[in-house]
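J.: Take a look at this one; I'll ask things after.
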Amino acid sequence: MEGWMGASEFSLFEQLGMPSQSISSNSRQVHFWRRSDDKDSCIDKFTVRNTQIIGYYSNCGIWGGLSAPKNKK
């Protein structure tokens with residue numbers, strides 16, 4: 001996920017679409033994308049500060065991590 005670090009929030013939305021859920025806390029936003037419509041689906045989570053991506057987490061396990069969304073720019 002290093003390709004996402006420092007990328008813009010706009011680029012994230014442009015490539016992945018709108019998140020399943022977003023939470024704002026202090027000066028950060030956290031955006032969540034479910035991998036499928038199943039309620040038990042694994043989730044990719046991006047943390048954004050000042051419109052730049054500063055963190056990524058996925059609970060999809062090693063195989064899900066290998067298929068994590070890649071930054072195309």
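Ligands are numbered from 1 in the order shown, residues from 1 within each chain, and chains are lettered A, B, ... in the order they appear in the structure tokens.
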Name the residues of region 33-62 of chain A that fall into strand (DSSP E or B) according to DSSP on the backbone, using the chain letters and numbers of this document, as a list in words.

T.: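 Checking each residue of region 33-62 of chain A, the strand (DSSP E or B) ones are Trp33, Arg34, Ile43, Asp44, Lys45, Phe46, Thr47, Val48, Arg49, Gln52, Ile53, Ile54, Gly55, Tyr56, Tyr57 and Ser58 of chain A.
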
J.: Quick one: everything within 7 Å of region 13-19 of chain A, counting only C-alpha atoms, minus sequence neighbours fewer than 4 positions away in the same chain. Send it as a PyMOL selection string.

T.: chain A and resi 9+31-33

J.: Export, as a tab-separated table (two decimals), in the first residue's frame, the selected residues with C-alpha atoms.

T.:
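Once written, part_35.tsv looks like this:
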chain	number	residue	atom	x	y	z
A	9	GLU	CA	-8.08	11.81	-1.18
A	31	HIS	CA	-12.90	5.90	4.81
A	32	PHE	CA	-14.00	2.26	4.61
A	33	TRP	CA	-14.59	0.13	1.49

J.: Take CA of Ser36 (chain A) and CA of Gly6 (chain A) and report the distance between them in Å, one decimal.

T.: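 A separation of 26.3 Å between them.
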
J.: Mind checking which residues fall within 6 Å of Ile54 (chain A), counting only C-alpha atoms, ignoring those fewer than 4 positions away in the same chain, and posting them as a PDB file with C-alpha atoms, in the first residue's frame?

T.:
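selection18.pdb, written as the output of this step:
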ATOM      1  CA  MET A   5       0.845   6.954   1.078  1.00  0.00           C
ATOM      2  CA  THR A  47      -6.911   7.299   6.912  1.00  0.00           C
ATOM      3  CA  VAL A  48      -6.688  10.809   5.463  1.00  0.00           C
TER       4      VAL A  48
END

J.: Just how far from CA of Ser8 (chain A) is CA of Ile53 (chain A), in Å to one decimal?

T.: 6.2 Å

J.: Return as a PyMOL selection string the full set of residues in chain A whose backbone-based DSSP assignment is helix (DSSP H, G or I).

T.: chain A and resi 9-16+61-66

J.: Could you please determine the separation between CA of Ser24 (chain A) and CA of Asp38 (chain A) in Å, to one decimal place?

T.: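 One can read the CA of Ser24 (chain A) to CA of Asp38 (chain A) distance as 24.4 Å.
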
J.: Determine, counting only C-alpha atoms, which protein, DNA and RNA residues have an atom within 7 Å of an atom of Arg34 (chain A); residues of the same chain fewer than 6 positions away are not included. Present the result as number ranges by chain.

T.: A: 20, 41-44
